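> Below you'll find upload.cif; it's mmCIF, C-alpha atoms.
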data_protein
#
loop_
_atom_site.group_PDB
_atom_site.id
_atom_site.type_symbol
_atom_site.label_atom_id
_atom_site.label_comp_id
_atom_site.auth_asym_id
_atom_site.auth_seq_id
_atom_site.Cartn_x
_atom_site.Cartn_y
_atom_site.Cartn_z
ATOM 1 C CA MET A 1 -14.820 24.181 -10.319
ATOM 2 C CA ILE A 2 -17.429 21.703 -9.207
ATOM 3 C CA GLN A 3 -19.751 22.373 -6.309
ATOM 4 C CA ILE A 4 -20.662 19.519 -3.982
ATOM 5 C CA ASP A 5 -23.006 20.697 -1.245
ATOM 6 C CA ASP A 6 -21.260 23.792 0.143
ATOM 7 C CA LYS A 7 -17.757 22.776 -1.082
ATOM 8 C CA LEU A 8 -15.980 23.906 -4.246
ATOM 9 C CA ILE A 9 -13.724 21.243 -5.762
ATOM 10 C CA SER A 10 -11.172 21.910 -8.467
ATOM 11 C CA GLU A 11 -11.599 19.891 -11.661
ATOM 12 C CA ASP A 12 -7.869 19.083 -11.330
ATOM 13 C CA ILE A 13 -8.922 16.305 -8.966
ATOM 14 C CA PHE A 14 -9.827 14.245 -12.054
ATOM 15 C CA SER A 15 -6.506 14.711 -13.860
ATOM 16 C CA GLU A 16 -3.814 15.204 -11.245
ATOM 17 C CA GLU A 17 -2.192 12.402 -9.261
ATOM 18 C CA PHE A 18 -2.201 12.602 -5.493
ATOM 19 C CA VAL A 19 1.230 12.830 -3.891
ATOM 20 C CA CYS A 20 1.687 12.318 -0.176
ATOM 21 C CA ASN A 21 3.565 14.759 1.998
ATOM 22 C CA LEU A 22 5.377 12.104 4.031
ATOM 23 C CA SER A 23 7.108 14.690 6.204
ATOM 24 C CA LYS A 24 3.659 15.650 7.523
ATOM 25 C CA CYS A 25 1.708 12.389 7.591
ATOM 26 C CA LYS A 26 4.605 9.899 7.979
ATOM 27 C CA GLY A 27 2.556 7.395 5.937
ATOM 28 C CA VAL A 28 -0.339 7.089 8.361
ATOM 29 C CA CYS A 29 -2.610 5.773 5.578
ATOM 30 C CA CYS A 30 -0.566 2.556 5.606
ATOM 31 C CA VAL A 31 -1.158 2.001 9.322
ATOM 32 C CA ASP A 32 -4.631 3.430 9.909
ATOM 33 C CA GLY A 33 -7.679 2.223 8.117
ATOM 34 C CA ASP A 34 -10.176 -0.568 8.001
ATOM 35 C CA THR A 35 -8.646 -2.452 5.083
ATOM 36 C CA GLY A 36 -5.357 -3.047 3.294
ATOM 37 C CA ALA A 37 -4.066 -1.384 0.148
ATOM 38 C CA PRO A 38 -6.277 -1.963 -2.893
ATOM 39 C CA LEU A 39 -5.143 -4.563 -5.422
ATOM 40 C CA ASP A 40 -6.184 -5.287 -8.979
ATOM 41 C CA ALA A 41 -6.909 -8.894 -9.942
ATOM 42 C CA ASP A 42 -3.850 -8.934 -12.214
ATOM 43 C CA GLU A 43 -1.621 -8.117 -9.223
ATOM 44 C CA LEU A 44 -2.612 -11.259 -7.279
ATOM 45 C CA PRO A 45 -0.376 -13.741 -9.135
ATOM 46 C CA ILE A 46 2.418 -11.161 -9.126
ATOM 47 C CA LEU A 47 2.290 -10.886 -5.319
ATOM 48 C CA ALA A 48 2.361 -14.665 -4.977
ATOM 49 C CA GLU A 49 5.367 -14.829 -7.323
ATOM 50 C CA ILE A 50 7.412 -12.034 -5.736
ATOM 51 C CA TYR A 51 6.648 -12.826 -2.091
ATOM 52 C CA PRO A 52 9.666 -15.146 -1.630
ATOM 53 C CA LYS A 53 11.921 -12.421 -3.077
ATOM 54 C CA ILE A 54 10.548 -9.609 -0.893
ATOM 55 C CA LYS A 55 10.039 -11.589 2.314
ATOM 56 C CA SER A 56 13.423 -10.534 3.700
ATOM 57 C CA TYR A 57 12.361 -6.882 3.360
ATOM 58 C CA LEU A 58 9.307 -7.323 5.563
ATOM 59 C CA ARG A 59 8.881 -7.169 9.315
ATOM 60 C CA ASN A 60 8.272 -10.383 11.223
ATOM 61 C CA GLU A 61 4.702 -9.261 11.972
ATOM 62 C CA GLY A 62 4.037 -8.701 8.272
ATOM 63 C CA ILE A 63 5.481 -12.077 7.324
ATOM 64 C CA ALA A 64 3.296 -13.783 9.939
ATOM 65 C CA ALA A 65 0.182 -11.982 8.643
ATOM 66 C CA ILE A 66 0.928 -12.923 5.032
ATOM 67 C CA GLU A 67 1.699 -16.524 5.881
ATOM 68 C CA GLU A 68 -1.521 -16.798 7.893
ATOM 69 C CA GLN A 69 -3.849 -14.815 5.586
ATOM 70 C CA GLY A 70 -2.147 -15.068 2.190
ATOM 71 C CA THR A 71 -0.483 -12.466 -0.026
ATOM 72 C CA HIS A 72 -3.889 -10.844 -0.489
ATOM 73 C CA ILE A 73 -7.360 -11.028 1.046
ATOM 74 C CA ILE A 74 -10.889 -10.032 0.066
ATOM 75 C CA ASP A 75 -12.296 -7.259 2.259
ATOM 76 C CA ASN A 76 -15.879 -6.629 3.391
ATOM 77 C CA ASP A 77 -16.622 -4.842 0.106
ATOM 78 C CA ASN A 78 -15.434 -7.905 -1.870
ATOM 79 C CA ASP A 79 -12.342 -6.018 -3.073
ATOM 80 C CA PHE A 80 -8.845 -7.488 -3.257
ATOM 81 C CA VAL A 81 -6.559 -5.844 -0.686
ATOM 82 C CA THR A 82 -3.320 -6.500 1.145
ATOM 83 C CA PRO A 83 -3.586 -8.307 4.478
ATOM 84 C CA LEU A 84 -3.266 -6.358 7.724
ATOM 85 C CA VAL A 85 -1.187 -6.907 10.841
ATOM 86 C CA ASN A 86 -3.566 -7.055 13.831
ATOM 87 C CA ASN A 87 -6.251 -5.186 11.863
ATOM 88 C CA ALA A 88 -3.945 -2.166 11.675
ATOM 89 C CA GLU A 89 -1.032 -1.638 9.282
ATOM 90 C CA CYS A 90 -0.567 -3.233 5.877
ATOM 91 C CA ALA A 91 1.454 -6.451 6.097
ATOM 92 C CA TYR A 92 3.901 -5.089 3.495
ATOM 93 C CA VAL A 93 4.700 -1.958 5.535
ATOM 94 C CA ILE A 94 8.206 -1.343 6.799
ATOM 95 C CA PHE A 95 9.440 1.657 8.776
ATOM 96 C CA ASP A 96 12.487 3.763 7.999
ATOM 97 C CA GLU A 97 14.893 5.306 10.506
ATOM 98 C CA LYS A 98 12.579 8.334 10.940
ATOM 99 C CA GLY A 99 9.585 6.099 11.674
ATOM 100 C CA TYR A 100 7.973 6.825 8.299
ATOM 101 C CA THR A 101 6.148 4.003 6.620
ATOM 102 C CA LYS A 102 7.557 2.551 3.447
ATOM 103 C CA CYS A 103 6.407 -0.306 1.277
ATOM 104 C CA GLY A 104 8.524 -3.454 1.382
ATOM 105 C CA ILE A 105 7.499 -4.146 -2.221
ATOM 106 C CA GLU A 106 8.678 -0.699 -3.304
ATOM 107 C CA LYS A 107 11.963 -1.074 -1.389
ATOM 108 C CA ALA A 108 12.668 -4.420 -3.093
ATOM 109 C CA TYR A 109 11.930 -2.762 -6.452
ATOM 110 C CA GLU A 110 14.276 0.147 -5.673
ATOM 111 C CA ASP A 111 17.003 -2.328 -4.751
ATOM 112 C CA GLY A 112 16.547 -4.192 -8.055
ATOM 113 C CA VAL A 113 15.389 -7.420 -6.388
ATOM 114 C CA ILE A 114 12.102 -7.417 -8.318
ATOM 115 C CA ASP A 115 10.977 -5.685 -11.493
ATOM 116 C CA TYR A 116 7.415 -5.099 -10.287
ATOM 117 C CA LYS A 117 6.569 -1.566 -9.156
ATOM 118 C CA LYS A 118 3.411 -1.304 -7.077
ATOM 119 C CA PRO A 119 0.983 1.314 -8.429
ATOM 120 C CA ILE A 120 0.508 4.524 -6.435
ATOM 121 C CA SER A 121 -2.300 3.107 -4.309
ATOM 122 C CA CYS A 122 0.225 2.526 -1.538
ATOM 123 C CA HIS A 123 3.668 3.870 -0.655
#
Starting from the file, lay out its structure as structure tokens.

Amino acid sequence: MIQIDDKLISEDIFSEEFVCNLSKCKGVCCVDGDTGAPLDADELPILAEIYPKIKSYLRNEGIAAIEEQGTHIIDNDNDFVTPLVNNAECAYVIFDEKGYTKCGIEKAYEDGVIDYKKPISCH
């Protein structure tokens, strides 16, 4: 255990991967926040390459945001991130029949349209 102020934190935080409980949060992290999903520099050309293949998976609002802002942007911290729709949800977000957020990139991967799987930093 590690103590930070008056909190005890398990050392597992350094070795275990975070897994969302979508039935509880419904993917709120993809629609609330002040920036898009984080991107590594090596992902930028991949997003530009796959965008035409995944475009049909995206919502009209997401397509408009990407076509206006680009497949990625640089946020206020000078980090590469996905663009947002109206400063809210990630431009790549889609919603399933339950209203849960999904990633259009991930859906295209699952359907075999692309061979790129987005790292866990977004759904």
> Can you pull out every residue within 12 Å of range 63-69 of chain A, counting only C-alpha atoms, but drop anything in the same chain fewer than 5 positions away, and send it as a PyMOL selection string?
chain A and resi 36+47-48+51-52+54-58+74-75+81-94+104
> Return as AutoDock Vina command-line options the centre and edge lengths, in Å with one decimal, of the box along x, y and z that encloses every atom of range 46-62 of chain A in the file, padded by 8 Å per side.

--center_x 7.9 --center_y -11.0 --center_z 1.4 --size_x 27.1 --size_y 24.3 --size_z 37.1
> Give as a PDB file with C-alpha atoms, keeping the file's coordinate frame each residue that has an atom at most 9 Å from (7.0, -5.7, -5.5) in the file, counting all atoms listed in the file.

ATOM      1  CA  ILE A  46       2.418 -11.161  -9.126  1.00  0.00           C
ATOM      2  CA  LEU A  47       2.290 -10.886  -5.319  1.00  0.00           C
ATOM      3  CA  ILE A  50       7.412 -12.034  -5.736  1.00  0.00           C
ATOM      4  CA  TYR A  51       6.648 -12.826  -2.091  1.00  0.00           C
ATOM      5  CA  LYS A  53      11.921 -12.421  -3.077  1.00  0.00           C
ATOM      6  CA  ILE A  54      10.548  -9.609  -0.893  1.00  0.00           C
ATOM      7  CA  CYS A 103       6.407  -0.306   1.277  1.00  0.00           C
ATOM      8  CA  GLY A 104       8.524  -3.454   1.382  1.00  0.00           C
ATOM      9  CA  ILE A 105       7.499  -4.146  -2.221  1.00  0.00           C
ATOM     10  CA  GLU A 106       8.678  -0.699  -3.304  1.00  0.00           C
ATOM     11  CA  LYS A 107      11.963  -1.074  -1.389  1.00  0.00           C
ATOM     12  CA  ALA A 108      12.668  -4.420  -3.093  1.00  0.00           C
ATOM     13  CA  TYR A 109      11.930  -2.762  -6.452  1.00  0.00           C
ATOM     14  CA  VAL A 113      15.389  -7.420  -6.388  1.00  0.00           C
ATOM     15  CA  ILE A 114      12.102  -7.417  -8.318  1.00  0.00           C
ATOM     16  CA  ASP A 115      10.977  -5.685 -11.493  1.00  0.00           C
ATOM     17  CA  TYR A 116       7.415  -5.099 -10.287  1.00  0.00           C
ATOM     18  CA  LYS A 117       6.569  -1.566  -9.156  1.00  0.00           C
ATOM     19  CA  LYS A 118       3.411  -1.304  -7.077  1.00  0.00           C
TER      20      LYS A 118
END
